[in-house]
file data37.cif (mmCIF, C-alpha atoms and all ligand atoms)
data_data
#
loop_
_atom_site.label_atom_id
_atom_site.label_comp_id
_atom_site.auth_asym_id
_atom_site.auth_seq_id
_atom_site.Cartn_x
_atom_site.Cartn_y
_atom_site.Cartn_z
CA MET A 1 149.50 59.16 145.24
CA LYS A 2 150.38 61.88 142.82
CA ASP A 3 148.34 60.16 140.09
CA SER A 4 145.32 59.59 142.21
CA LEU A 5 145.47 63.25 143.25
CA GLU A 6 145.46 64.24 139.59
CA SER A 7 142.49 62.05 138.77
CA LEU A 8 140.62 63.27 141.86
CA ARG A 9 141.21 66.85 140.76
CA GLY A 10 139.81 66.02 137.33
CA GLU A 11 136.83 64.22 138.84
CA ILE A 12 135.97 67.15 141.08
CA ALA A 13 136.40 69.71 138.29
CA ALA A 14 133.86 67.77 136.24
CA ARG A 15 131.33 67.62 139.08
CA VAL A 16 131.29 71.24 140.18
CA GLY A 17 129.82 74.19 138.32
CA ARG A 18 126.14 74.39 137.83
CA PHE A 19 124.16 72.27 140.25
CA SER A 20 120.53 71.46 139.58
CA ASN A 21 119.47 70.90 143.18
CA GLU A 22 120.66 70.76 146.79
CA GLN A 23 120.70 66.97 146.92
CA GLU A 24 123.32 66.99 144.22
CA ILE A 25 125.49 69.25 146.37
CA ASP A 26 124.92 67.14 149.48
CA GLN A 27 125.88 64.04 147.61
CA LEU A 28 129.09 65.64 146.40
CA ARG A 29 129.94 66.76 149.91
CA VAL A 30 129.47 63.26 151.34
CA GLU A 31 131.32 61.63 148.48
CA TYR A 32 134.46 63.74 148.85
CA LEU A 33 134.41 65.44 152.22
CA GLY A 34 132.41 62.97 154.36
CA ARG A 35 134.03 60.74 156.97
CA LYS A 36 134.67 58.17 154.28
CA GLY A 37 134.88 60.67 151.47
CA LYS A 38 137.53 60.29 148.78
CA LEU A 39 139.36 63.47 149.69
CA THR A 40 139.15 62.76 153.42
CA LEU A 41 140.65 59.31 152.92
CA MET A 42 143.48 60.73 150.84
CA LEU A 43 144.27 63.31 153.49
CA ARG A 44 144.27 60.53 156.07
CA SER A 45 146.67 58.42 153.99
CA LEU A 46 149.10 61.31 153.69
CA LYS A 47 151.27 59.67 156.35
CA GLU A 48 152.02 56.89 153.85
CA VAL A 49 153.55 59.40 151.44
CA PRO A 50 157.33 59.69 151.60
CA VAL A 51 158.35 62.51 153.96
CA LYS A 52 160.05 64.43 151.16
CA GLU A 53 156.88 64.73 149.06
CA ARG A 54 154.44 65.00 151.99
CA PRO A 55 154.35 68.84 152.33
CA LYS A 56 153.80 69.39 148.62
CA ILE A 57 151.06 66.77 148.27
CA GLY A 58 149.54 67.82 151.60
CA ASN A 59 149.43 71.39 150.36
CA GLN A 60 147.78 70.38 147.08
CA LEU A 61 145.22 68.22 148.89
CA ASN A 62 144.34 71.08 151.22
CA ARG A 63 143.93 73.46 148.32
CA LEU A 64 141.72 70.96 146.55
CA ARG A 65 139.59 70.69 149.72
CA SER A 66 139.26 74.50 150.00
CA TYR A 67 138.41 74.68 146.31
CA LEU A 68 135.67 72.05 146.73
CA GLU A 69 134.27 73.74 149.83
CA GLU A 70 134.18 77.07 148.01
CA GLN A 71 132.44 75.52 145.01
CA ILE A 72 129.84 73.95 147.27
CA GLU A 73 129.24 77.27 149.03
CA THR A 74 128.83 79.21 145.76
CA GLY A 75 126.71 76.43 144.32
CA LEU A 76 124.30 76.67 147.23
CA LYS A 77 124.12 80.45 146.94
CA GLU A 78 123.43 80.26 143.23
CA LEU A 79 120.74 77.66 143.73
CA ARG A 80 118.94 79.92 146.20
CA VAL A 81 119.12 82.92 143.91
CA ARG A 82 117.79 80.85 141.02
CA GLU A 83 114.98 79.51 143.19
CA LYS A 84 113.97 83.04 144.17
CA GLU A 85 114.00 84.16 140.55
CA ARG A 86 111.88 81.19 139.58
CA LEU A 87 109.33 82.03 142.28
CA LEU A 88 109.20 85.66 141.17
CA ARG A 89 108.73 84.55 137.59
CA GLU A 90 106.11 81.91 138.21
CA GLU A 91 104.18 83.34 141.12
CA ARG A 92 102.42 86.14 139.33
CA ILE A 93 99.64 87.99 141.12
CA ASP A 94 96.36 86.75 139.76
CA ILE A 95 94.34 89.94 139.60
CA SER A 96 91.23 88.02 138.60
CA LEU A 97 91.03 86.38 142.05
CA PRO A 98 88.51 87.99 144.39
CA GLY A 99 90.33 89.91 147.15
CA SER A 100 89.63 89.84 150.85
CA ARG A 101 87.16 92.64 151.42
CA LEU A 102 87.46 95.28 154.11
CA GLU A 103 84.39 95.48 156.30
CA ARG A 104 82.93 98.94 155.78
CA GLY A 105 81.78 100.74 158.87
CA SER A 106 78.62 102.79 159.20
CA ILE A 107 77.58 105.73 161.30
CA HIS A 108 75.99 104.65 164.56
CA PRO A 109 72.20 105.25 164.59
CA ILE A 110 72.50 107.39 167.72
CA THR A 111 75.07 109.62 166.02
CA LEU A 112 72.82 109.81 162.95
CA MET A 113 69.83 110.78 165.09
CA MET A 114 71.87 113.26 167.11
CA ASP A 115 73.21 114.93 163.95
CA GLU A 116 69.72 115.18 162.54
CA ILE A 117 68.38 116.80 165.71
CA ILE A 118 71.30 119.22 165.88
CA ASP A 119 70.82 120.15 162.21
CA VAL A 120 67.22 121.21 162.76
CA PHE A 121 68.16 123.47 165.68
CA LEU A 122 71.16 124.95 163.88
CA GLY A 123 68.70 125.80 161.11
CA MET A 124 66.69 127.80 163.66
CA GLY A 125 69.75 129.76 164.79
CA PHE A 126 70.65 127.77 167.90
CA GLU A 127 74.29 127.29 168.82
CA ILE A 128 75.90 124.25 170.44
CA ALA A 129 77.33 124.21 173.97
CA ARG A 130 78.92 121.35 175.85
CA GLY A 131 79.59 120.57 179.49
CA PRO A 132 81.48 117.96 181.51
CA ASP A 133 80.15 114.41 181.92
CA ILE A 134 81.39 114.40 185.51
CA GLU A 135 79.40 117.12 187.22
CA ASP A 136 79.12 118.51 190.71
CA ASP A 137 75.98 118.34 192.79
CA TYR A 138 75.48 122.09 192.46
CA HIS A 139 75.20 122.19 188.66
CA ASN A 140 73.38 118.87 188.28
CA PHE A 141 70.79 119.47 191.01
CA GLU A 142 71.06 122.48 193.30
CA ALA A 143 71.13 125.30 190.72
CA LEU A 144 68.35 123.58 188.77
CA ASN A 145 66.11 124.05 191.75
CA ILE A 146 66.49 120.47 192.99
CA PRO A 147 67.60 120.87 196.63
CA LYS A 148 69.05 117.99 198.67
CA ASP A 149 65.73 116.72 200.00
CA HIS A 150 63.75 117.24 196.78
CA PRO A 151 61.77 114.14 195.69
CA ALA A 152 62.85 114.73 192.07
CA ARG A 153 66.30 113.42 193.00
CA ASP A 154 64.72 110.01 193.45
CA MET A 155 63.47 110.09 189.84
CA GLN A 156 67.09 110.14 188.68
CA ASP A 157 69.12 107.23 190.04
CA THR A 158 72.50 108.88 190.22
CA PHE A 159 75.96 107.36 189.81
CA PHE A 160 78.09 109.14 192.40
CA VAL A 161 81.82 109.41 191.77
CA THR A 162 83.44 110.95 194.85
CA ASP A 163 83.52 114.20 196.87
CA GLY A 164 80.10 115.38 195.74
CA ARG A 165 80.93 114.60 192.10
CA LEU A 166 78.62 112.51 189.99
CA LEU A 167 77.96 111.42 186.42
CA ARG A 168 75.46 113.96 185.13
CA THR A 169 71.94 112.58 185.12
CA HIS A 170 70.79 115.03 182.43
CA THR A 171 72.25 117.66 180.08
CA SER A 172 70.46 120.46 181.96
CA PRO A 173 73.58 121.49 183.97
CA VAL A 174 74.96 122.90 180.69
CA GLN A 175 72.13 125.48 180.94
CA ILE A 176 73.53 126.63 184.26
CA ARG A 177 77.13 126.65 183.06
CA VAL A 178 76.25 128.77 180.00
CA MET A 179 74.08 131.22 181.92
CA GLU A 180 76.74 131.62 184.63
CA THR A 181 79.21 132.90 182.06
CA ARG A 182 77.09 134.66 179.45
CA GLN A 183 74.30 137.19 179.18
CA PRO A 184 71.11 136.87 177.10
CA PRO A 185 70.08 136.68 174.33
CA LEU A 186 70.87 132.96 174.38
CA GLN A 187 69.71 130.28 172.02
CA ILE A 188 71.58 127.11 172.88
CA ILE A 189 71.41 123.35 172.47
CA ALA A 190 73.54 121.02 174.57
CA PRO A 191 73.86 117.47 173.20
CA GLY A 192 75.65 114.76 175.13
CA ALA A 193 75.72 111.53 177.12
CA VAL A 194 73.95 111.20 180.45
CA TYR A 195 74.03 108.45 183.08
CA ARG A 196 71.45 106.85 185.31
CA HIS A 197 71.35 103.68 187.33
CA ASP A 198 68.68 102.04 185.23
CA ASP A 199 68.75 99.07 182.88
CA ASP A 200 65.90 97.43 180.98
CA SER A 201 64.50 97.31 177.43
CA THR A 202 63.66 101.04 177.46
CA HIS A 203 66.35 102.32 179.87
CA SER A 204 70.11 102.21 179.58
CA PRO A 205 72.69 103.28 182.19
CA ILE A 206 74.16 105.54 179.51
CA PHE A 207 72.00 107.37 177.02
CA HIS A 208 71.97 110.67 175.17
CA GLN A 209 70.03 113.86 175.51
CA VAL A 210 69.72 117.10 173.67
CA GLU A 211 68.98 119.98 175.99
CA GLY A 212 67.91 123.30 174.59
CA PHE A 213 66.98 126.71 175.90
CA MET A 214 66.27 130.24 174.79
CA VAL A 215 66.54 133.29 177.04
CA ASP A 216 65.85 136.92 176.17
CA HIS A 217 63.42 139.72 176.93
CA HIS A 218 59.80 138.69 176.41
CA ILE A 219 60.24 135.00 175.57
CA THR A 220 56.86 133.34 176.01
CA PHE A 221 55.30 129.91 175.99
CA ARG A 222 54.25 130.67 172.42
CA ASP A 223 57.93 130.71 171.38
CA LEU A 224 58.42 127.35 173.07
CA LYS A 225 55.46 125.86 171.20
CA GLY A 226 56.61 127.30 167.89
CA VAL A 227 60.20 126.05 168.16
CA LEU A 228 59.30 122.56 169.36
CA THR A 229 56.45 122.07 166.89
CA HIS A 230 58.72 123.07 164.02
CA PHE A 231 61.41 120.73 165.34
CA LEU A 232 59.04 117.74 165.59
CA HIS A 233 57.63 118.40 162.12
CA GLN A 234 61.18 118.37 160.75
CA ILE A 235 62.25 115.19 162.55
CA PHE A 236 59.11 113.15 161.92
CA GLN A 237 56.83 114.43 159.20
CA LYS A 238 55.31 117.75 158.36
CA GLU A 239 51.72 117.03 159.31
CA ILE A 240 52.28 115.07 162.49
CA LYS A 241 49.99 116.21 165.36
CA VAL A 242 51.73 117.64 168.42
CA ARG A 243 50.21 118.24 171.83
CA PHE A 244 51.47 119.99 174.97
CA ARG A 245 50.35 118.42 178.23
CA PRO A 246 50.80 120.05 181.69
CA SER A 247 53.57 118.39 183.67
CA PHE A 248 56.10 119.11 186.39
CA PHE A 249 59.86 119.69 186.39
CA PRO A 250 61.67 121.47 189.25
CA PHE A 251 63.54 123.80 186.87
CA THR A 252 60.61 124.96 184.72
CA GLU A 253 57.30 126.63 185.56
CA PRO A 254 54.91 126.05 183.90
CA SER A 255 56.10 122.72 182.50
CA ALA A 256 54.77 120.71 179.60
CA GLU A 257 55.28 117.20 178.36
CA VAL A 258 55.21 117.15 174.57
CA ASP A 259 53.51 114.29 172.71
CA ILE A 260 53.25 113.44 169.03
CA GLU A 261 50.55 111.32 167.48
CA CYS A 262 51.47 107.63 167.41
CA LEU A 263 53.64 106.77 164.42
CA LEU A 264 52.28 103.24 164.17
CA CYS A 265 48.51 103.77 164.40
CA SER A 266 48.56 107.45 163.32
CA GLY A 267 46.81 108.47 166.51
CA LYS A 268 43.91 106.07 166.18
CA GLY A 269 44.98 104.04 169.20
CA SER A 270 43.90 100.71 167.77
CA PRO A 271 44.67 99.17 164.40
CA SER A 272 41.62 96.89 164.73
CA ALA A 273 38.56 96.73 166.98
CA GLN A 274 40.01 93.81 168.95
CA GLN A 275 43.45 95.04 169.91
CA SER A 276 45.00 98.32 170.97
CA CYS A 277 48.20 99.66 169.37
CA ARG A 278 51.27 98.13 171.01
CA VAL A 279 53.42 101.23 170.49
CA CYS A 280 51.14 103.79 172.14
CA LYS A 281 49.23 101.24 174.24
CA GLY A 282 46.01 102.49 172.69
CA SER A 283 46.36 106.15 173.68
CA GLY A 284 47.18 107.34 170.17
CA TRP A 285 49.97 109.57 171.56
CA LEU A 286 53.71 109.15 172.17
CA GLU A 287 55.59 111.08 174.83
CA ILE A 288 58.56 112.67 173.09
CA LEU A 289 60.13 115.40 175.25
CA GLY A 290 59.85 117.57 178.33
CA SER A 291 59.78 121.37 178.31
CA GLY A 292 58.72 124.49 180.14
CA MET A 293 59.41 128.12 180.98
CA ILE A 294 62.64 128.43 182.96
CA ASP A 295 61.79 128.77 186.64
CA PRO A 296 62.61 132.26 188.04
CA SER A 297 64.54 130.60 190.88
CA VAL A 298 66.95 129.07 188.32
CA PHE A 299 67.55 132.60 186.98
CA GLN A 300 68.35 133.74 190.50
CA PHE A 301 71.00 131.00 190.85
CA VAL A 302 72.86 132.35 187.79
CA GLY A 303 72.32 136.02 188.65
CA TYR A 304 69.74 136.91 185.98
CA SER A 305 66.86 139.17 186.92
CA PRO A 306 63.54 137.28 186.41
CA GLU A 307 61.90 140.71 185.94
CA LYS A 308 64.14 141.43 182.96
CA PHE A 309 64.47 138.04 181.31
CA SER A 310 62.34 135.04 180.53
CA GLY A 311 63.09 131.86 178.67
CA PHE A 312 62.13 128.32 177.90
CA ALA A 313 64.01 125.05 178.12
CA PHE A 314 63.45 121.54 176.83
CA GLY A 315 65.16 118.17 176.91
CA MET A 316 64.80 115.03 174.89
CA GLY A 317 66.19 111.51 174.88
CA VAL A 318 67.98 110.78 171.62
CA GLU A 319 67.58 106.98 171.99
CA ARG A 320 63.83 107.40 172.53
CA ILE A 321 63.42 109.44 169.36
CA ALA A 322 65.61 107.02 167.40
CA MET A 323 63.59 104.05 168.73
CA LEU A 324 60.34 105.63 167.60
CA LYS A 325 61.69 106.79 164.29
CA PHE A 326 63.52 103.56 163.35
CA ARG A 327 60.93 101.30 165.09
CA ILE A 328 63.47 99.74 167.48
CA GLU A 329 61.97 98.00 170.49
CA ASP A 330 64.98 97.43 172.75
CA ILE A 331 67.31 100.28 173.71
CA ARG A 332 70.10 97.81 174.49
CA LEU A 333 70.55 97.13 170.76
CA PHE A 334 72.23 100.53 170.46
CA PHE A 335 75.02 99.50 172.81
CA GLN A 336 75.63 95.86 171.89
CA ASN A 337 77.65 96.75 168.78
CA ASP A 338 76.17 93.92 166.77
CA ILE A 339 77.33 94.70 163.25
CA ARG A 340 74.18 93.13 161.74
CA PHE A 341 72.06 95.67 163.61
CA LEU A 342 74.34 98.65 163.00
CA ARG A 343 74.82 98.15 159.26
CA GLN A 344 71.10 98.67 158.65
CA PHE A 345 71.62 102.39 159.23
CA ARG A 346 74.17 102.89 156.46
ZN ZN B 1 49.61 103.76 168.38
#
call {"tool": "encode", "arguments": {"input": "data37.cif", "output": "structure tokens"}}
result
Amino acid sequence: MKDSLESLRGEIAARVGRFSNEQEIDQLRVEYLGRKGKLTLMLRSLKEVPVKERPKIGNQLNRLRSYLEEQIETGLKELRVREKERLLREERIDISLPGSRLERGSIHPITLMMDEIIDVFLGMGFEIARGPDIEDDYHNFEALNIPKDHPARDMQDTFFVTDGRLLRTHTSPVQIRVMETRQPPLQIIAPGAVYRHDDDSTHSPIFHQVEGFMVDHHITFRDLKGVLTHFLHQIFQKEIKVRFRPSFFPFTEPSAEVDIECLLCSGKGSPSAQQSCRVCKGSGWLEILGSGMIDPSVFQFVGYSPEKFSGFAFGMGVERIAMLKFRIEDIRLFFQNDIRFLRQFR
């Protein structure tokens, strides 16, 4: 027994140390510590050893087993460290490989258009004002000279929220809010989102407007024409023809619809003798914004004296201008967030 213990010790000492892989370790474990392993069998046959020697040999066998277990444990640890080092050494980053590219965003065409419009007015000395998207009936309708039974309310399909609150149908209530709190001279634009129950290729339930107004002593229709003509020349092109056509809005008197010559047919109305222009439907003109002299009754709502002050106001749809300028035929494209559409405006 003593001899075989000696030779087993020698055998084990020769096998441990540096292992080349985990199988080698597994094999060693099975060979010596498995159910039929050499060391296991020796421990089992301990009862055949004379009682006198049994504790000593038992002790040595146990120590040999702990030694082997320890060696196996360290061997495994070492193998893992070596494997990690090998990976670090061999798996270099190949900087010549093409990387995964980040998709670059672009500014939304409506934001681009809005910024451009705002820029032109800032250049003329206007300042920006903003108002709430959720308005009350008073500011959205009443104070703009649109009483409860006024037919103009039908022109604006309103989203009602609750308790007389609604999603503003135009940016005009900002006019009221500014005039309620400030005194002339005023030269303001109010950009923002507006909401109407309307949905087709030229109408969206949410769209954007830029409202503008100027109030002071002696503001005349001539000022309105000058400001808006300059604006349209800046946004489209210097020589574009502009015309003011009588119209009606409850909050302005007199009112004028403003047209520019058609961008597609340059005002000719028909590109050939056979067909009329599909953009202007043959008229040669494109409706671009609404305007007028602020109605004296609106001044009374905000406590201005119509004898002392006069002013003009105008409002335009940002989507409409962008559609004409970028030649876009369906307003819904602005809201579908199709990256192929949006990236064209980079
Ligand atoms: Zn045309």
call {"tool": "residues_near_ligand", "arguments": {"input": "data37.cif", "ligand": "ligand ZN 1 (chain B)", "cutoff": "12 Å", "atoms": "only C-alpha atoms and all ligand atoms", "output": "list in words"}}
result
Ile260, Glu261, Cys262, Leu263, Leu264, Cys265, Ser266, Gly267, Lys268, Gly269, Ser270, Pro271, Ser272, Gln275, Ser276, Cys277, Arg278, Val279, Cys280, Lys281, Gly282, Ser283, Gly284, Trp285, Leu286, Glu287 and Leu324 of chain A
call {"tool": "write_last_selection", "arguments": {"input": "data37.cif", "atoms": "C-alpha atoms", "output": "mmCIF file, in the coordinates of the input"}}
result
data_model
loop_
_atom_site.group_PDB
_atom_site.id
_atom_site.type_symbol
_atom_site.label_atom_id
_atom_site.label_comp_id
_atom_site.auth_asym_id
_atom_site.auth_seq_id
_atom_site.Cartn_x
_atom_site.Cartn_y
_atom_site.Cartn_z
ATOM 1 C CA ILE A 260 53.250 113.440 169.030
ATOM 2 C CA GLU A 261 50.550 111.320 167.480
ATOM 3 C CA CYS A 262 51.470 107.630 167.410
ATOM 4 C CA LEU A 263 53.640 106.770 164.420
ATOM 5 C CA LEU A 264 52.280 103.240 164.170
ATOM 6 C CA CYS A 265 48.510 103.770 164.400
ATOM 7 C CA SER A 266 48.560 107.450 163.320
ATOM 8 C CA GLY A 267 46.810 108.470 166.510
ATOM 9 C CA LYS A 268 43.910 106.070 166.180
ATOM 10 C CA GLY A 269 44.980 104.040 169.200
ATOM 11 C CA SER A 270 43.900 100.710 167.770
ATOM 12 C CA PRO A 271 44.670 99.170 164.400
ATOM 13 C CA SER A 272 41.620 96.890 164.730
ATOM 14 C CA GLN A 275 43.450 95.040 169.910
ATOM 15 C CA SER A 276 45.000 98.320 170.970
ATOM 16 C CA CYS A 277 48.200 99.660 169.370
ATOM 17 C CA ARG A 278 51.270 98.130 171.010
ATOM 18 C CA VAL A 279 53.420 101.230 170.490
ATOM 19 C CA CYS A 280 51.140 103.790 172.140
ATOM 20 C CA LYS A 281 49.230 101.240 174.240
ATOM 21 C CA GLY A 282 46.010 102.490 172.690
ATOM 22 C CA SER A 283 46.360 106.150 173.680
ATOM 23 C CA GLY A 284 47.180 107.340 170.170
ATOM 24 C CA TRP A 285 49.970 109.570 171.560
ATOM 25 C CA LEU A 286 53.710 109.150 172.170
ATOM 26 C CA GLU A 287 55.590 111.080 174.830
ATOM 27 C CA LEU A 324 60.340 105.630 167.600
#
call {"tool": "closest_residue", "arguments": {"input": "data37.cif", "among": "A:Ala190, A:Val227, A:Leu87, A:Leu8", "to": "Gly315 of chain A", "atoms": "all atoms listed in the file"}}
result
A:Ala190
call {"tool": "closest_atom_pairs", "arguments": {"input": "data37.cif", "of": "segment 164-196 of chain A", "to": "segment 108-113 of chain A", "cutoff": "12 Å", "atoms": "only C-alpha atoms", "output": "Markdown table"}}
result
| residue | atom | partner | partner_atom | distance |
| --- | --- | --- | --- | --- |
| A:Pro191 | CA | A:Thr111 | CA | 10.7 |
| A:Gly192 | CA | A:Thr111 | CA | 10.5 |
| A:Ala193 | CA | A:Ile110 | CA | 10.8 |
call {"tool": "closest_residue", "arguments": {"input": "data37.cif", "among": "A:Arg63, A:Lys308, A:Arg245, A:Lys238", "to": "Lys225 of chain A", "atoms": "all atoms listed in the file"}}
result
A:Arg245
call {"tool": "residues_around", "arguments": {"input": "data37.cif", "residues": "Arg153 of chain A", "least_positions_apart": "6", "cutoff": "9 Å", "atoms": "all atoms listed in the file", "output": "MDAnalysis selection string"}}
result
chainID A and resid 141 146:147
call {"tool": "closest_residue", "arguments": {"input": "data37.cif", "among": "A:Phe301, A:Ile219, A:Gln209, A:Asn59", "to": "Ile118 of chain A", "atoms": "all atoms listed in the file"}}
result
A:Gln209
call {"tool": "closest_residue", "arguments": {"input": "data37.cif", "among": "A:Gln183, A:Ser45, A:Gln71, A:Gln175", "to": "Val298 of chain A", "atoms": "all atoms listed in the file"}}
result
A:Gln175
call {"tool": "atom_distance", "arguments": {"input": "data37.cif", "atom1": "atom CA of Gln27 of chain A", "atom2": "atom CA of Ser7 of chain A"}}
result
18.9 Å
call {"tool": "residues_around", "arguments": {"input": "data37.cif", "residues": "His218 of chain A", "least_positions_apart": "3", "cutoff": "9 Å", "atoms": "only C-alpha atoms", "output": "list in words"}}
result
Val215, Lys308, Phe309, Ser310 and Gly311 of chain A
call {"tool": "atom_distance", "arguments": {"input": "data37.cif", "atom1": "atom CA of Glu83 of chain A", "atom2": "atom CA of Val16 of chain A"}}
result
18.5 Å
call {"tool": "build_atoms", "arguments": {"input": "data37.cif", "residues": "segment 76-89 of chain A", "atoms": "N, CA and C atoms", "output": "short mmCIF file (atom, residue, chain, number, x, y, z; two decimals), in the frame of the given file"}}
result
data_model
loop_
_atom_site.label_atom_id
_atom_site.label_comp_id
_atom_site.auth_asym_id
_atom_site.auth_seq_id
_atom_site.Cartn_x
_atom_site.Cartn_y
_atom_site.Cartn_z
N LEU A 76 125.50 76.51 146.40
CA LEU A 76 124.30 76.67 147.23
C LEU A 76 123.70 78.07 147.06
N LYS A 77 124.59 79.07 147.08
CA LYS A 77 124.12 80.45 146.94
C LYS A 77 123.40 80.64 145.61
N GLU A 78 124.01 80.14 144.57
CA GLU A 78 123.43 80.26 143.23
C GLU A 78 122.07 79.60 143.15
N LEU A 79 122.01 78.39 143.74
CA LEU A 79 120.74 77.66 143.73
C LEU A 79 119.63 78.50 144.38
N ARG A 80 119.97 79.12 145.50
CA ARG A 80 118.94 79.92 146.20
C ARG A 80 118.50 81.13 145.39
N VAL A 81 119.46 81.78 144.75
CA VAL A 81 119.12 82.92 143.91
C VAL A 81 118.21 82.48 142.77
N ARG A 82 118.58 81.34 142.15
CA ARG A 82 117.79 80.85 141.02
C ARG A 82 116.37 80.48 141.47
N GLU A 83 116.28 79.91 142.67
CA GLU A 83 114.98 79.51 143.19
C GLU A 83 114.10 80.74 143.40
N LYS A 84 114.71 81.80 143.94
CA LYS A 84 113.97 83.04 144.17
C LYS A 84 113.48 83.64 142.86
N GLU A 85 114.38 83.63 141.87
CA GLU A 85 114.00 84.16 140.55
C GLU A 85 112.85 83.37 139.95
N ARG A 86 112.94 82.05 140.13
CA ARG A 86 111.88 81.19 139.58
C ARG A 86 110.54 81.54 140.23
N LEU A 87 110.57 81.70 141.57
CA LEU A 87 109.33 82.03 142.28
C LEU A 87 108.76 83.35 141.78
N LEU A 88 109.65 84.34 141.63
CA LEU A 88 109.20 85.66 141.17
C LEU A 88 108.59 85.56 139.77
N ARG A 89 109.19 84.68 138.97
CA ARG A 89 108.73 84.55 137.59
C ARG A 89 107.38 83.82 137.54
#
